[in-house]
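Heads up, the thing below is written out as structure tokens.
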Amino acid sequence: VQEMFKRASKIMDIVLSKDLDCILLVDISNVFYVSDFRGYEGIFALIPKEHDPLLFVPKLEYERAKEESKIHVEQYTNFSAALIESLRNMKCKKVGLCYKHTPHTIVNTIKTKLPNIELTDVSENIANVRMVKDTDELERIVEAIRIAEKGLEEALNTITDGISELNVAAKAEYSMRISGSEKTPFPTIVASGPNAALPHAVTSSKIVRKGEVVIVDLGATFKGYVSDLTRTISVGKVDGKVKDMFQAVLEAQKAAIRAIKAGIKASDVDKEARKTLEEYGYKEYFIHNTGHGIGVNVHELPIVGEKSKNILKQGMVITVEPGVYIKGYAGIRIEDDVLVTKTGCRVLSRFKKDLVD
Ligand SMILES: [Mn+2]
């Protein structure tokens, strides 16, 4: 008997523990998670209790899916017909799915064609399973981090008085691309001067000027897994105030990282960062969470924030990214990717941080 793909077997555990007949996945992230197939829309996966996991793809994806997928692949000519027929053939009565990620049209089709099926939301169960990474997932994330570090290196080498934010982003992305990144998991942010005060600034044609700081927030994707790193870089000498902001953020990040270990509340890690920024007088200027999980998606559980209910577990990979943003003036953010271990953590990203003077 062939051993089931590890990530699919983790979803199978949910099928068993919730006493379901099968789990249906239709969003590309979850389908990738169970199959390792990087698909586009119009694919679905079934994890049935009494049958091997199945990936369904349209004809145009069949050959590539057979190459990539770690679970059995079927091709369909009609999405709905294939879905309904499979659920019927496998006599699935209790079906788990992710309400959050399943279009209404699909739910309605199931309810109409198979009125006896009982649907259960397993969004949370799946998100919880996906939080903890296995060795293979971790290796992919680490490679995505190494690639992103090449992007940061290129940004650092490129940033100078007179260059546009877009030019810096283009160079960084080019560098990641030729280093093996499949895609940027989110739009690369290069935000200079007052733009740096916007945590999710849109990279623009603004020219970077001497005396400004530039926030570079970027990520790479390797074998479907992502990285997410941020550095703040000064162009020449900056104000004492900006240096103070930078020091505060650096210390806040250190404090948060020191707190990380299996068993601690994610909210307590956030608290450490916030406490440090309060000591520096910047508490009200830290306007987002301290971090988030990364994996197939750039924002996964756990949430490392004040209101988070998540407990950190060994094998989670989270970002630690405190920031200080003063409207119209400047912003500072430093972000690393960190693996939670039994007794502490391992900071996976190695890129230098001392880039503001
Ligand atoms: Mn992030």
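FYI, nothing fancy with the structure tokens labels: chains A, B, ... in order, residues from 1 per chain, ligands from 1 as they appear.
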Could you tell me, as a PyMOL selection string, which residues of range 223-316 of chain A DSSP assigns to helix (DSSP H, G or I) when given the backbone? chain A and resi 240-259+266-279+283-285
Grab me every residue within 9 Å of ligand 1, counting only C-alpha atoms and all ligand atoms, and send it over as a list in words. Asp217, Leu218, Gly219, Ser227, Asp228, Leu229, Thr230, Thr290, Gly291, His292, Gly293, Ile294, Val298, His299, Ile318, Thr319, Val320, Glu321, Glu335, Asp336 and Asp337 of chain A
Write the residues you've just listed into a file as a short mmCIF file (atom, residue, chain, number, x, y, z; two decimals), in the first residue's frame, and include all heavy atoms for each of them.
```
data_model
loop_
_atom_site.label_atom_id
_atom_site.label_comp_id
_atom_site.auth_asym_id
_atom_site.auth_seq_id
_atom_site.Cartn_x
_atom_site.Cartn_y
_atom_site.Cartn_z
N ASP A 217 9.38 45.81 1.74
CA ASP A 217 8.65 44.65 2.26
C ASP A 217 8.38 43.75 1.07
O ASP A 217 7.66 44.13 0.14
CB ASP A 217 7.34 45.13 2.91
CG ASP A 217 6.53 44.01 3.55
OD1 ASP A 217 6.83 42.82 3.31
OD2 ASP A 217 5.57 44.32 4.28
N LEU A 218 9.00 42.57 1.07
CA LEU A 218 8.85 41.70 -0.09
C LEU A 218 8.85 40.23 0.30
O LEU A 218 9.17 39.87 1.44
CB LEU A 218 9.98 41.99 -1.11
CG LEU A 218 11.43 42.02 -0.62
CD1 LEU A 218 11.95 40.63 -0.30
CD2 LEU A 218 12.31 42.65 -1.69
N GLY A 219 8.45 39.41 -0.65
CA GLY A 219 8.44 37.98 -0.41
C GLY A 219 8.66 37.23 -1.70
O GLY A 219 8.53 37.78 -2.80
N SER A 227 7.70 33.48 1.62
CA SER A 227 8.43 34.20 2.66
C SER A 227 7.90 35.63 2.69
O SER A 227 7.22 36.07 1.75
CB SER A 227 9.92 34.21 2.35
OG SER A 227 10.15 34.74 1.05
N ASP A 228 8.21 36.34 3.75
CA ASP A 228 7.70 37.70 3.95
C ASP A 228 8.71 38.44 4.83
O ASP A 228 8.80 38.16 6.02
CB ASP A 228 6.32 37.61 4.62
CG ASP A 228 5.64 38.96 4.79
OD1 ASP A 228 6.16 39.96 4.28
OD2 ASP A 228 4.58 39.00 5.45
N LEU A 229 9.48 39.33 4.23
CA LEU A 229 10.55 40.02 4.96
C LEU A 229 10.46 41.53 4.75
O LEU A 229 10.08 41.97 3.66
CB LEU A 229 11.93 39.55 4.47
CG LEU A 229 12.29 38.08 4.65
CD1 LEU A 229 13.67 37.81 4.04
CD2 LEU A 229 12.29 37.69 6.13
N THR A 230 10.85 42.28 5.77
CA THR A 230 10.89 43.73 5.64
C THR A 230 12.17 44.29 6.24
O THR A 230 12.60 43.85 7.31
CB THR A 230 9.69 44.38 6.37
OG1 THR A 230 8.47 43.81 5.90
CG2 THR A 230 9.66 45.89 6.13
N THR A 290 1.66 42.20 15.54
CA THR A 290 3.10 41.95 15.54
C THR A 290 3.49 40.94 14.46
O THR A 290 4.60 40.99 13.93
CB THR A 290 3.54 41.46 16.94
OG1 THR A 290 3.36 42.55 17.85
CG2 THR A 290 4.98 41.02 16.98
N GLY A 291 2.58 40.04 14.11
CA GLY A 291 2.93 39.07 13.07
C GLY A 291 1.79 38.14 12.71
O GLY A 291 0.67 38.28 13.19
N HIS A 292 2.12 37.18 11.86
CA HIS A 292 1.14 36.23 11.34
C HIS A 292 1.87 34.99 10.85
O HIS A 292 3.07 35.05 10.57
CB HIS A 292 0.36 36.87 10.18
CG HIS A 292 1.25 37.45 9.09
ND1 HIS A 292 1.74 36.69 8.05
CD2 HIS A 292 1.77 38.70 8.93
CE1 HIS A 292 2.50 37.46 7.28
NE2 HIS A 292 2.55 38.68 7.79
N GLY A 293 1.14 33.91 10.71
CA GLY A 293 1.73 32.70 10.14
C GLY A 293 1.97 32.88 8.66
O GLY A 293 1.29 33.67 7.99
N ILE A 294 2.96 32.15 8.14
CA ILE A 294 3.16 32.07 6.69
C ILE A 294 3.24 30.60 6.28
O ILE A 294 3.54 29.73 7.10
CB ILE A 294 4.42 32.83 6.19
CG1 ILE A 294 5.69 32.30 6.89
CG2 ILE A 294 4.28 34.31 6.37
CD1 ILE A 294 6.98 32.81 6.25
N VAL A 298 0.39 34.03 2.40
CA VAL A 298 1.24 34.96 3.14
C VAL A 298 0.61 35.35 4.48
O VAL A 298 1.32 35.72 5.40
CB VAL A 298 1.61 36.18 2.28
CG1 VAL A 298 0.43 37.12 2.11
CG2 VAL A 298 2.79 36.92 2.90
N HIS A 299 -0.70 35.24 4.58
CA HIS A 299 -1.35 35.47 5.87
C HIS A 299 -2.11 34.22 6.29
O HIS A 299 -3.17 33.92 5.77
CB HIS A 299 -2.29 36.68 5.83
CG HIS A 299 -1.55 37.97 5.68
ND1 HIS A 299 -1.82 38.87 4.68
CD2 HIS A 299 -0.53 38.51 6.39
CE1 HIS A 299 -1.00 39.91 4.79
NE2 HIS A 299 -0.21 39.71 5.82
N ILE A 318 6.14 31.96 11.87
CA ILE A 318 5.44 33.25 12.00
C ILE A 318 6.37 34.41 11.64
O ILE A 318 7.59 34.28 11.69
CB ILE A 318 4.92 33.47 13.45
CG1 ILE A 318 6.07 33.41 14.46
CG2 ILE A 318 3.84 32.44 13.78
CD1 ILE A 318 5.65 33.78 15.88
N THR A 319 5.75 35.52 11.26
CA THR A 319 6.53 36.73 11.06
C THR A 319 6.55 37.50 12.38
O THR A 319 5.64 37.38 13.19
CB THR A 319 5.91 37.64 9.98
OG1 THR A 319 4.68 38.18 10.47
CG2 THR A 319 5.65 36.87 8.69
N VAL A 320 7.61 38.27 12.58
CA VAL A 320 7.66 39.21 13.70
C VAL A 320 8.02 40.55 13.10
O VAL A 320 9.13 40.73 12.60
CB VAL A 320 8.71 38.77 14.75
CG1 VAL A 320 8.68 39.73 15.94
CG2 VAL A 320 8.45 37.34 15.21
N GLU A 321 7.04 41.46 13.08
CA GLU A 321 7.19 42.67 12.29
C GLU A 321 6.60 43.91 12.94
O GLU A 321 5.68 44.52 12.40
CB GLU A 321 6.57 42.47 10.91
CG GLU A 321 5.15 41.92 10.92
CD GLU A 321 4.55 41.82 9.52
OE1 GLU A 321 4.64 42.80 8.76
OE2 GLU A 321 4.01 40.75 9.18
N GLU A 335 10.92 43.09 9.71
CA GLU A 335 10.17 41.84 9.72
C GLU A 335 11.08 40.66 9.42
O GLU A 335 11.78 40.64 8.41
CB GLU A 335 9.06 41.90 8.66
CG GLU A 335 8.29 40.59 8.48
CD GLU A 335 7.18 40.71 7.45
OE1 GLU A 335 7.35 41.47 6.47
OE2 GLU A 335 6.16 40.04 7.61
N ASP A 336 11.03 39.67 10.32
CA ASP A 336 11.73 38.41 10.10
C ASP A 336 10.76 37.26 10.18
O ASP A 336 9.66 37.39 10.73
CB ASP A 336 12.85 38.25 11.14
CG ASP A 336 14.05 39.12 10.80
OD1 ASP A 336 14.71 38.84 9.79
OD2 ASP A 336 14.29 40.11 11.54
N ASP A 337 11.17 36.12 9.65
CA ASP A 337 10.36 34.91 9.68
C ASP A 337 11.00 33.94 10.68
O ASP A 337 12.20 33.69 10.62
CB ASP A 337 10.27 34.29 8.29
CG ASP A 337 9.64 35.24 7.28
OD1 ASP A 337 8.91 36.16 7.71
OD2 ASP A 337 9.90 35.08 6.07
#
```
Can you pull out every residue within 12 Å of Asp270 in chain A, counting only C-alpha atoms, but drop anything in the same chain fewer than 5 positions away, and send it as a ChimeraX atom specification? /A:252-260,264-265,275-277,283,286-292,302-310,312,318-323
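Checking A:Ala81, A:Ala8, A:Ile110, A:Val26 one by one against Asp52 in chain A, counting only C-alpha atoms, you find the shortest gap at A:Ala8.
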Excluding same-chain residues fewer than 6 positions from Thr184 in chain A, what lies within 12 Å of it counting only C-alpha atoms, as a short mmCIF file (atom, residue, chain, number, x, y, z; two decimals) with N, CA, C and O atoms, in the first residue's frame?
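Written file, out.cif:
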```
data_model
loop_
_atom_site.label_atom_id
_atom_site.label_comp_id
_atom_site.auth_asym_id
_atom_site.auth_seq_id
_atom_site.Cartn_x
_atom_site.Cartn_y
_atom_site.Cartn_z
N ALA A 144 12.42 29.98 0.21
CA ALA A 144 11.72 31.22 -0.17
C ALA A 144 12.32 32.41 0.57
O ALA A 144 12.39 33.52 0.02
N ILE A 145 12.78 32.18 1.79
CA ILE A 145 13.43 33.25 2.56
C ILE A 145 14.78 33.60 1.94
O ILE A 145 15.11 34.78 1.76
N ILE A 147 15.69 33.34 -1.08
CA ILE A 147 15.44 34.07 -2.33
C ILE A 147 15.05 35.52 -2.02
O ILE A 147 15.54 36.46 -2.65
N ALA A 148 14.16 35.68 -1.04
CA ALA A 148 13.73 37.05 -0.67
C ALA A 148 14.92 37.87 -0.18
O ALA A 148 14.99 39.08 -0.41
N GLY A 151 16.53 39.46 -2.93
CA GLY A 151 15.76 40.65 -3.31
C GLY A 151 16.11 41.84 -2.42
O GLY A 151 16.27 42.97 -2.90
N ALA A 169 11.79 48.38 -6.64
CA ALA A 169 10.95 47.18 -6.57
C ALA A 169 11.23 46.26 -7.77
O ALA A 169 11.32 45.04 -7.62
N ALA A 170 11.37 46.86 -8.94
CA ALA A 170 11.62 46.08 -10.16
C ALA A 170 12.93 45.31 -10.05
O ALA A 170 13.00 44.12 -10.39
N ALA A 172 14.53 44.45 -7.30
CA ALA A 172 14.42 43.43 -6.24
C ALA A 172 13.64 42.22 -6.77
O ALA A 172 14.04 41.07 -6.57
N GLU A 173 12.55 42.49 -7.47
CA GLU A 173 11.72 41.39 -8.00
C GLU A 173 12.47 40.61 -9.08
O GLU A 173 12.38 39.38 -9.14
N TYR A 174 13.21 41.31 -9.90
CA TYR A 174 14.00 40.63 -10.94
C TYR A 174 15.00 39.68 -10.29
O TYR A 174 15.15 38.53 -10.69
N SER A 175 15.64 40.18 -9.25
CA SER A 175 16.63 39.38 -8.54
C SER A 175 15.99 38.12 -7.93
O SER A 175 16.55 37.02 -7.99
N MET A 176 14.81 38.28 -7.35
CA MET A 176 14.13 37.11 -6.76
C MET A 176 13.70 36.13 -7.85
O MET A 176 13.82 34.92 -7.69
N ARG A 177 13.24 36.68 -8.93
CA ARG A 177 12.74 35.84 -10.04
C ARG A 177 13.86 34.96 -10.60
O ARG A 177 13.68 33.76 -10.76
N ASP A 217 9.38 45.81 1.74
CA ASP A 217 8.65 44.65 2.26
C ASP A 217 8.38 43.75 1.07
O ASP A 217 7.66 44.13 0.14
N LEU A 218 9.00 42.57 1.07
CA LEU A 218 8.85 41.70 -0.09
C LEU A 218 8.85 40.23 0.30
O LEU A 218 9.17 39.87 1.44
N GLY A 219 8.45 39.41 -0.65
CA GLY A 219 8.44 37.98 -0.41
C GLY A 219 8.66 37.23 -1.70
O GLY A 219 8.53 37.78 -2.80
N ALA A 220 9.03 35.96 -1.55
CA ALA A 220 9.23 35.08 -2.69
C ALA A 220 8.38 33.83 -2.47
O ALA A 220 7.89 33.59 -1.36
N THR A 221 8.20 33.06 -3.54
CA THR A 221 7.48 31.80 -3.44
C THR A 221 8.37 30.70 -3.98
O THR A 221 8.92 30.82 -5.08
N PHE A 222 8.53 29.64 -3.20
CA PHE A 222 9.32 28.49 -3.65
C PHE A 222 8.52 27.21 -3.44
O PHE A 222 8.10 26.92 -2.32
N GLY A 224 5.57 26.65 -3.99
CA GLY A 224 4.26 26.95 -3.42
C GLY A 224 4.27 27.54 -2.03
O GLY A 224 3.20 27.86 -1.49
N TYR A 225 5.44 27.69 -1.42
CA TYR A 225 5.52 28.24 -0.06
C TYR A 225 6.21 29.60 -0.08
O TYR A 225 7.12 29.82 -0.88
N VAL A 226 5.78 30.48 0.82
CA VAL A 226 6.18 31.88 0.72
C VAL A 226 7.07 32.34 1.87
O VAL A 226 7.15 31.71 2.92
N SER A 227 7.70 33.48 1.62
CA SER A 227 8.43 34.20 2.66
C SER A 227 7.90 35.63 2.69
O SER A 227 7.22 36.07 1.75
N ASP A 228 8.21 36.34 3.75
CA ASP A 228 7.70 37.70 3.95
C ASP A 228 8.71 38.44 4.83
O ASP A 228 8.80 38.16 6.02
N LEU A 229 9.48 39.33 4.23
CA LEU A 229 10.55 40.02 4.96
C LEU A 229 10.46 41.53 4.75
O LEU A 229 10.08 41.97 3.66
N ASN A 297 -0.02 30.46 2.03
CA ASN A 297 -0.46 31.85 1.90
C ASN A 297 0.42 32.77 2.75
O ASN A 297 1.04 32.31 3.69
N VAL A 298 0.39 34.03 2.40
CA VAL A 298 1.24 34.96 3.14
C VAL A 298 0.61 35.35 4.48
O VAL A 298 1.32 35.72 5.40
#
```
As a list in words, please: the residues near range 3-6 of chain A (cut-off 7 Å, only C-alpha atoms, same-chain neighbours under 3 positions excluded). Ser9, Lys10, Lys70 and Ile71 of chain A
Using all heavy atoms, can you export the residues from the last selection as a PDB file, in the first residue's frame?
```
ATOM      1  N   SER A   9      -2.949  13.427   4.434  1.00  0.00           N
ATOM      2  CA  SER A   9      -3.323  12.566   5.568  1.00  0.00           C
ATOM      3  C   SER A   9      -3.699  13.392   6.793  1.00  0.00           C
ATOM      4  O   SER A   9      -4.510  12.972   7.611  1.00  0.00           O
ATOM      5  CB  SER A   9      -2.196  11.578   5.894  1.00  0.00           C
ATOM      6  OG  SER A   9      -1.165  12.232   6.578  1.00  0.00           O
ATOM      7  N   LYS A  10      -3.149  14.604   6.884  1.00  0.00           N
ATOM      8  CA  LYS A  10      -3.549  15.490   7.992  1.00  0.00           C
ATOM      9  C   LYS A  10      -5.000  15.955   7.819  1.00  0.00           C
ATOM     10  O   LYS A  10      -5.711  16.166   8.792  1.00  0.00           O
ATOM     11  CB  LYS A  10      -2.632  16.715   8.054  1.00  0.00           C
ATOM     12  CG  LYS A  10      -1.227  16.415   8.582  1.00  0.00           C
ATOM     13  CD  LYS A  10      -0.463  17.720   8.690  1.00  0.00           C
ATOM     14  CE  LYS A  10       0.965  17.506   9.149  1.00  0.00           C
ATOM     15  NZ  LYS A  10       1.713  18.788   9.129  1.00  0.00           N
ATOM     16  N   LYS A  70       0.561  14.907  -5.763  1.00  0.00           N
ATOM     17  CA  LYS A  70       0.959  13.786  -4.914  1.00  0.00           C
ATOM     18  C   LYS A  70      -0.248  12.895  -4.599  1.00  0.00           C
ATOM     19  O   LYS A  70      -0.129  11.922  -3.863  1.00  0.00           O
ATOM     20  CB  LYS A  70       1.569  14.294  -3.611  1.00  0.00           C
ATOM     21  CG  LYS A  70       2.735  15.245  -3.789  1.00  0.00           C
ATOM     22  CD  LYS A  70       4.021  14.506  -4.155  1.00  0.00           C
ATOM     23  CE  LYS A  70       5.277  15.314  -3.838  1.00  0.00           C
ATOM     24  NZ  LYS A  70       5.388  16.576  -4.586  1.00  0.00           N
ATOM     25  N   ILE A  71      -1.435  13.272  -5.118  1.00  0.00           N
ATOM     26  CA  ILE A  71      -2.613  12.411  -4.964  1.00  0.00           C
ATOM     27  C   ILE A  71      -3.166  12.096  -6.362  1.00  0.00           C
ATOM     28  O   ILE A  71      -2.790  12.745  -7.342  1.00  0.00           O
ATOM     29  CB  ILE A  71      -3.707  13.063  -4.062  1.00  0.00           C
ATOM     30  CG1 ILE A  71      -4.264  14.349  -4.682  1.00  0.00           C
ATOM     31  CG2 ILE A  71      -3.150  13.326  -2.664  1.00  0.00           C
ATOM     32  CD1 ILE A  71      -5.421  14.964  -3.879  1.00  0.00           C
TER      33      ILE A  71
END
```
Can you pull out the residues contacting Ile11 in chain A? Cut-off 8 Å, using only C-alpha atoms, and skip same-chain residues under 3 positions away; I want them as an MDAnalysis selection string. chainID A and resid 7:8 14:15 23 34 47 126 129
Leaving out Leu25 in chain A and any residue of its chain fewer than 4 positions from it, which residues lie within 8 Å of it when counting only C-alpha atoms, given as a list in words? Asn30, Val31, Phe44, Ala45, Leu46, Leu97, Cys98 and Thr102 of chain A
